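See structure below.
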Amino acid sequence: MNAEDTRDRSAVAEPGAQQSTQHFELAPERIEVCLRVKGASGRYELRHRLRPPALEDWRAYERELRSTVEAAEEEPDALRFASCSLEAAGALYNRLFQGAEGYRAASTNGAISAEQIPLHHKEMVVRGLSDVAPAASAAQQEESDEVALFSLDPEHVEVALAASRNGETWRNLVHVFRPPSAADRVEYSRITSQALYVRNSNTLKTVLPSRLPGLVALYDRLIEQVRGYQAAGQPLTERAAIVRQMDPLHKRVAVQLLLGD
Amino acid sequence: MQAVWASQDREALRKAIWSHLTEPLPGARRAKAQRLAYAFEMWIAHLALLEQLLEMIPVSAQELQAAELDGLLLLRAAREQFRREYRACNECGAAVKGKICPRCGAVGQ
């Protein structure tokens, strides 16, 4: 790692994100993530071109995270969560990489390969890809100028997400579900309660498996409509299209918001 | 070292459920029982949810997984053993095995 690399930890993906007036596109041909980085020689604008990740890419990412929970040795009552986030992000980035600009490499005539990108840049890019969360808290919503419609429909339950991509944010991505049954609640508990323990581990090590496939399947069972999304420029109106096109990470956060504690 | 599903290892789950039931309450005087691996804590919490659900709603056997049925049977057996071996403290209500309450120190019969 050179001197510049050690000084660019303040990098952020597109600071000062603008709220988008468009729908969130679920089927982009490619994704561009821009990192603005300060280093020893000045400011850099590092553009990364990636193919959109599919469910299988995120499944592999979660496997490579190797998330574990152990008793903290210095404080036995505390739990220590750990994962290989850098390595997993690096592997995902390498699978999705299509090109990068803003880097200079004398030996490659300007063509940059994924292997040349610093690992922590890859990690920042992947963080930018997975930036989705429950929509603003109630206090933040009160400050917002946007007015939502009060639902009079007892047949549906809505949850709202916020996401950002490439400097734009979407604050009202709405997922409309049929009301979950007791069986759905049990299924959610089943998915989120399964884990492996390591026999004869002094620290009572637990290995957390990927929850993504199970949560995605549960989402697909419950979802009815969405608002704020489009695929190839067209709004998502059909349930089958939502199931097919919706970003797996959005599915996961939405179903956690619906059924989580 | 070998990693095993907490829900599938019957003997380890049986010990974990017993440890969970007999874990001293906060404020207990004796040393804390050995911690459970997080995997068991999560699975036992799931079994407890199922147990509560079964008290309210009839659930067909087809809706339960084999590991869940095994876990529920282990939980029930552990509760019965607990009721045989422990009593409630006359002073504070904590579970007591023997004469001295581990929480309040009251001496019972």
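Identifiers in this document derive from the order of the structure tokens: chains are assigned A, B, ..., residues are numbered from 1 separately in each chain, and ligands are numbered from 1 in order of occurrence.
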
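Residues in contact range of range 194-197 of chain A, defined as at most 9 Å between only C-alpha atoms, with sequence neighbours fewer than 3 positions away removed, read A:Ser189, A:Arg190, A:Ile191, A:Ser201, A:Leu204, A:Lys205, A:Thr206, A:Val207, A:Leu208, A:Pro209, A:Arg211, B:Gln2, B:Ala3, B:Val4, B:Trp5, B:Ala6, B:Ser7, B:Ala37, B:Tyr38, B:Ala39, B:Phe40, B:Met42, B:Trp43, B:His46.
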
Once you have the residues from the selection above, write them out as a CSV table (one decimal), in the first residue's frame, restricted to N, CA and C atoms.
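Heads up, here's the output in again.csv:
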chain,number,residue,atom,x,y,z
A,189,SER,N,-39.2,-16.6,12.2
A,189,SER,CA,-38.4,-17.0,13.4
A,189,SER,C,-37.5,-18.2,13.1
A,190,ARG,N,-38.0,-19.1,12.3
A,190,ARG,CA,-37.2,-20.3,11.9
A,190,ARG,C,-36.0,-19.9,11.1
A,191,ILE,N,-36.2,-19.0,10.2
A,191,ILE,CA,-35.1,-18.6,9.3
A,191,ILE,C,-34.0,-17.8,10.1
A,201,SER,N,-15.5,-25.5,21.3
A,201,SER,CA,-14.9,-24.2,21.2
A,201,SER,C,-14.8,-23.6,22.6
A,204,LEU,N,-17.2,-20.6,22.8
A,204,LEU,CA,-18.6,-20.9,22.5
A,204,LEU,C,-19.0,-20.3,21.1
A,205,LYS,N,-18.1,-20.6,20.2
A,205,LYS,CA,-18.3,-19.9,18.8
A,205,LYS,C,-19.5,-20.4,18.1
A,206,THR,N,-20.2,-19.5,17.6
A,206,THR,CA,-21.4,-19.7,16.7
A,206,THR,C,-21.1,-19.2,15.3
A,207,VAL,N,-21.5,-20.0,14.3
A,207,VAL,CA,-21.4,-19.5,12.9
A,207,VAL,C,-22.7,-19.2,12.4
A,208,LEU,N,-22.9,-17.9,12.0
A,208,LEU,CA,-24.2,-17.5,11.5
A,208,LEU,C,-24.3,-17.7,10.0
A,209,PRO,N,-25.3,-18.5,9.5
A,209,PRO,CA,-25.4,-18.8,8.1
A,209,PRO,C,-26.1,-17.6,7.4
A,211,ARG,N,-28.9,-15.6,5.9
A,211,ARG,CA,-30.4,-15.6,6.0
A,211,ARG,C,-31.0,-15.2,4.7
B,2,GLN,N,-15.4,-29.0,14.5
B,2,GLN,CA,-16.6,-29.2,13.7
B,2,GLN,C,-17.7,-28.3,14.0
B,3,ALA,N,-18.4,-27.7,13.0
B,3,ALA,CA,-19.5,-26.9,13.2
B,3,ALA,C,-20.8,-27.7,12.9
B,4,VAL,N,-21.7,-27.6,13.9
B,4,VAL,CA,-23.0,-28.4,13.8
B,4,VAL,C,-24.2,-27.5,14.0
B,5,TRP,N,-25.3,-27.8,13.3
B,5,TRP,CA,-26.5,-27.0,13.5
B,5,TRP,C,-27.0,-27.3,15.0
B,6,ALA,N,-27.2,-26.2,15.7
B,6,ALA,CA,-27.7,-26.3,17.1
B,6,ALA,C,-29.0,-27.0,17.2
B,7,SER,N,-29.8,-26.9,16.1
B,7,SER,CA,-31.2,-27.5,16.1
B,7,SER,C,-31.1,-29.0,15.9
B,37,ALA,N,-23.8,-21.3,23.9
B,37,ALA,CA,-23.4,-20.8,22.6
B,37,ALA,C,-24.6,-20.0,22.0
B,38,TYR,N,-24.4,-18.9,21.4
B,38,TYR,CA,-25.4,-18.0,20.8
B,38,TYR,C,-26.4,-18.8,20.0
B,39,ALA,N,-25.8,-19.8,19.2
B,39,ALA,CA,-26.7,-20.7,18.4
B,39,ALA,C,-27.8,-21.3,19.2
B,40,PHE,N,-27.5,-21.8,20.4
B,40,PHE,CA,-28.5,-22.4,21.2
B,40,PHE,C,-29.5,-21.4,21.8
B,42,MET,N,-30.5,-18.7,20.4
B,42,MET,CA,-31.5,-18.4,19.3
B,42,MET,C,-32.5,-19.5,19.1
B,43,TRP,N,-32.0,-20.7,19.1
B,43,TRP,CA,-32.9,-21.8,18.8
B,43,TRP,C,-33.9,-22.1,19.9
B,46,HIS,N,-36.6,-19.6,19.7
B,46,HIS,CA,-37.6,-20.1,18.6
B,46,HIS,C,-38.5,-21.1,19.2

Exercise. Determine which residues of range 27-217 of chain A receive a DSSP assignment of helix (DSSP H, G or I), computed from the backbone, and state them as a PyMOL selection string.
Key: chain A and resi 55-65+85-96+106-108+114-116+119-129+138-143+182-193+212-217

Practice problem: Name the residues in contact with range 246-256 of chain A at a cut-off of 6 Å, using only C-alpha atoms, excluding same-chain residues fewer than 4 positions from it; report them as number ranges by chain. | Solution: A: 55, 215-216, 219, 242, 260

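Every protein or nucleic acid residue with an atom no more than 12 Å from Trp58 in chain A, counting only C-alpha atoms and leaving out same-chain residues fewer than 5 positions away, appears here: Pro52, Pro53, Arg63, Glu64, Leu65, Ala88, Ala89, Ala91, Leu92, Tyr93, Arg95, Leu96, Val126, Leu129, Ser130, Ser210, Arg211, Leu212, Pro213, Val216, Asp247, Pro248, Leu249, His250 and Arg252 of chain A.
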
Filtering to C-alpha atoms, could you give me those residues as a CSV table (one decimal), in the first residue's frame?
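Okay, again_16.csv is ready:
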chain,number,residue,atom,x,y,z
A,52,PRO,CA,-25.7,-5.3,-11.2
A,53,PRO,CA,-25.4,-7.9,-8.5
A,63,ARG,CA,-21.1,-17.0,2.7
A,64,GLU,CA,-17.7,-15.3,2.4
A,65,LEU,CA,-18.5,-12.9,5.3
A,88,ALA,CA,-16.1,-10.7,1.2
A,89,ALA,CA,-16.4,-7.2,-0.3
A,91,ALA,CA,-14.5,-11.1,-3.7
A,92,LEU,CA,-17.9,-9.5,-4.6
A,93,TYR,CA,-16.2,-6.5,-6.3
A,95,ARG,CA,-17.0,-10.7,-9.6
A,96,LEU,CA,-18.9,-7.6,-10.6
A,126,VAL,CA,-19.7,-2.6,-2.0
A,129,LEU,CA,-24.2,-1.0,-3.4
A,130,SER,CA,-25.9,-2.2,-0.3
A,210,SER,CA,-26.8,-16.6,5.3
A,211,ARG,CA,-30.4,-15.6,6.0
A,212,LEU,CA,-30.8,-14.0,2.6
A,213,PRO,CA,-32.4,-17.0,0.6
A,216,VAL,CA,-36.1,-13.5,0.0
A,247,ASP,CA,-33.3,-6.1,-5.4
A,248,PRO,CA,-32.7,-9.0,-2.9
A,249,LEU,CA,-31.3,-6.6,-0.3
A,250,HIS,CA,-34.4,-4.5,-0.5
A,252,ARG,CA,-34.5,-8.6,3.0

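Within the 12 Å cut-off around Thr237 in chain A, using only C-alpha atoms and omitting residues fewer than 2 positions from it on the same chain, the listed residues are A:His175, A:Val176, A:Ile223, A:Glu224, A:Gln225, A:Val226, A:Arg227, A:Gly228, A:Tyr229, A:Gln230, A:Ala231, A:Gln234, A:Pro235, A:Arg239, A:Ala240, A:Ala241, A:Ile242, A:Val243, A:Arg244, A:Gln245, A:Met246.
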
Kindly export the residues of the current selection with N, CA and C atoms, as a compact mmCIF listing (two decimals), in the first residue's frame.
# COMPACT_ATOMS: atom_id res chain seq x y z
N HIS A 175 -43.22 -0.87 0.17
CA HIS A 175 -43.53 -2.27 -0.11
C HIS A 175 -44.86 -2.59 0.57
N VAL A 176 -45.80 -3.09 -0.20
CA VAL A 176 -47.14 -3.37 0.32
C VAL A 176 -47.31 -4.88 0.39
N ILE A 223 -45.38 -10.37 -0.70
CA ILE A 223 -45.45 -9.06 -1.35
C ILE A 223 -46.65 -8.98 -2.31
N GLU A 224 -47.26 -7.80 -2.34
CA GLU A 224 -48.40 -7.56 -3.24
C GLU A 224 -48.08 -6.46 -4.24
N GLN A 225 -47.60 -5.32 -3.73
CA GLN A 225 -47.31 -4.18 -4.61
C GLN A 225 -46.08 -3.45 -4.08
N VAL A 226 -45.49 -2.65 -4.96
CA VAL A 226 -44.44 -1.72 -4.50
C VAL A 226 -44.70 -0.36 -5.14
N ARG A 227 -44.16 0.68 -4.51
CA ARG A 227 -44.21 2.02 -5.10
C ARG A 227 -42.81 2.63 -5.02
N GLY A 228 -42.48 3.41 -6.02
CA GLY A 228 -41.19 4.09 -6.03
C GLY A 228 -40.11 3.37 -6.82
N TYR A 229 -40.46 2.22 -7.42
CA TYR A 229 -39.49 1.43 -8.19
C TYR A 229 -39.88 1.39 -9.67
N GLN A 230 -38.88 1.11 -10.50
CA GLN A 230 -39.14 0.82 -11.90
C GLN A 230 -38.11 -0.20 -12.37
N ALA A 231 -38.43 -0.89 -13.46
CA ALA A 231 -37.49 -1.83 -14.09
C ALA A 231 -37.43 -1.49 -15.57
N GLN A 234 -39.90 1.10 -16.68
CA GLN A 234 -41.34 0.84 -16.52
C GLN A 234 -41.67 0.61 -15.04
N PRO A 235 -42.77 1.22 -14.54
CA PRO A 235 -43.15 0.97 -13.14
C PRO A 235 -43.47 -0.50 -12.93
N ARG A 239 -47.29 -8.48 -9.66
CA ARG A 239 -46.63 -9.17 -8.55
C ARG A 239 -45.46 -10.02 -9.02
N ALA A 240 -45.67 -10.72 -10.14
CA ALA A 240 -44.61 -11.60 -10.67
C ALA A 240 -43.37 -10.79 -11.03
N ALA A 241 -43.59 -9.59 -11.55
CA ALA A 241 -42.45 -8.74 -11.92
C ALA A 241 -41.71 -8.25 -10.68
N ILE A 242 -42.45 -7.99 -9.62
CA ILE A 242 -41.81 -7.55 -8.37
C ILE A 242 -40.92 -8.68 -7.85
N VAL A 243 -41.50 -9.89 -7.83
CA VAL A 243 -40.74 -11.04 -7.34
C VAL A 243 -39.47 -11.24 -8.17
N ARG A 244 -39.59 -11.06 -9.48
CA ARG A 244 -38.47 -11.30 -10.39
C ARG A 244 -37.42 -10.18 -10.31
N GLN A 245 -37.87 -8.95 -10.20
CA GLN A 245 -36.97 -7.81 -10.39
C GLN A 245 -36.45 -7.17 -9.10
N MET A 246 -37.16 -7.32 -8.01
CA MET A 246 -36.78 -6.56 -6.81
C MET A 246 -35.38 -6.94 -6.32

Considering only C-alpha atoms, give me a table of residues in range 28-101 of chain B that are at most 12 Å from range 16-20 of chain B, with the closest atom pair and distance in Å for each, as JSON lines.
{"residue": "B:Lys32", "atom": "CA", "partner": "B:Ser19", "partner_atom": "CA", "distance": 10.5}
{"residue": "B:Ala33", "atom": "CA", "partner": "B:Ser19", "partner_atom": "CA", "distance": 7.2}
{"residue": "B:Gln34", "atom": "CA", "partner": "B:Ser19", "partner_atom": "CA", "distance": 7.7}
{"residue": "B:Arg35", "atom": "CA", "partner": "B:Ser19", "partner_atom": "CA", "distance": 8.2}
{"residue": "B:Leu36", "atom": "CA", "partner": "B:Ala16", "partner_atom": "CA", "distance": 6.5}
{"residue": "B:Ala37", "atom": "CA", "partner": "B:Ala16", "partner_atom": "CA", "distance": 8.5}
{"residue": "B:Tyr38", "atom": "CA", "partner": "B:Ala16", "partner_atom": "CA", "distance": 10.5}
{"residue": "B:Ala39", "atom": "CA", "partner": "B:Ala16", "partner_atom": "CA", "distance": 10.1}
{"residue": "B:Phe40", "atom": "CA", "partner": "B:Ala16", "partner_atom": "CA", "distance": 6.6}
{"residue": "B:Glu41", "atom": "CA", "partner": "B:His20", "partner_atom": "CA", "distance": 8.1}
{"residue": "B:Met42", "atom": "CA", "partner": "B:Ala16", "partner_atom": "CA", "distance": 11.2}
{"residue": "B:Trp43", "atom": "CA", "partner": "B:Ile17", "partner_atom": "CA", "distance": 9.8}
{"residue": "B:Ile44", "atom": "CA", "partner": "B:Ile17", "partner_atom": "CA", "distance": 7.0}
{"residue": "B:Ala45", "atom": "CA", "partner": "B:Ile17", "partner_atom": "CA", "distance": 10.2}
{"residue": "B:Leu47", "atom": "CA", "partner": "B:Ile17", "partner_atom": "CA", "distance": 10.1}
{"residue": "B:Ala48", "atom": "CA", "partner": "B:Ile17", "partner_atom": "CA", "distance": 10.6}
{"residue": "B:Gly71", "atom": "CA", "partner": "B:Ile17", "partner_atom": "CA", "distance": 9.0}
{"residue": "B:Leu72", "atom": "CA", "partner": "B:Ile17", "partner_atom": "CA", "distance": 10.2}
{"residue": "B:Leu73", "atom": "CA", "partner": "B:Ile17", "partner_atom": "CA", "distance": 11.0}
{"residue": "B:Leu74", "atom": "CA", "partner": "B:Ile17", "partner_atom": "CA", "distance": 7.6}
{"residue": "B:Leu75", "atom": "CA", "partner": "B:Ile17", "partner_atom": "CA", "distance": 6.5}
{"residue": "B:Arg76", "atom": "CA", "partner": "B:Ile17", "partner_atom": "CA", "distance": 9.8}
{"residue": "B:Ala77", "atom": "CA", "partner": "B:Trp18", "partner_atom": "CA", "distance": 9.5}
{"residue": "B:Ala78", "atom": "CA", "partner": "B:Trp18", "partner_atom": "CA", "distance": 6.0}
{"residue": "B:Arg79", "atom": "CA", "partner": "B:Trp18", "partner_atom": "CA", "distance": 8.3}
{"residue": "B:Glu80", "atom": "CA", "partner": "B:Trp18", "partner_atom": "CA", "distance": 10.8}
{"residue": "B:Gln81", "atom": "CA", "partner": "B:Trp18", "partner_atom": "CA", "distance": 9.0}
{"residue": "B:Phe82", "atom": "CA", "partner": "B:Trp18", "partner_atom": "CA", "distance": 8.2}
{"residue": "B:Arg83", "atom": "CA", "partner": "B:Trp18", "partner_atom": "CA", "distance": 11.9}
{"residue": "B:Glu85", "atom": "CA", "partner": "B:Trp18", "partner_atom": "CA", "distance": 11.9}

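Running DSSP on the backbone and keeping only strand (DSSP E or B), the residues of chain B that qualify are Ala3, Val4, Trp5, Arg87, Ala88, Ala95, Val96, Ile100 and Val107 of chain B.
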
Exercise. Have a look at CA of Leu161 in chain A and CA of Phe177 in chain A and let me know their distance in Å, one decimal.
Key: 13.5 Å

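All residues of protein, DNA or RNA that reach within 12 Å of Ile100 in chain B, judged by only C-alpha atoms and not counting those fewer than 3 positions away in the chain, are Ala28, Arg29, Arg30, Tyr86, Arg87, Ala88, Cys89, Asn90, Glu91, Cys92, Ala94, Ala95, Val96, Lys97, Arg103, Cys104, Gly105, Ala106, Val107, Gly108 and Gln109 of chain B.
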
Practice problem: Give me the residues within 12 Å of Ser60 in chain B as a ChimeraX atom specification, counting only C-alpha atoms and dropping any in the same chain fewer than 5 places off. | Solution: /A:183 /B:53-54,65,69

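Going from CA of Glu29 in chain A to CA of Asn166 in chain A covers 14.2 Å.
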
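Atom pair CA of Ile117 in chain A / CA of Arg36 in chain A: separated by 14.5 Å.
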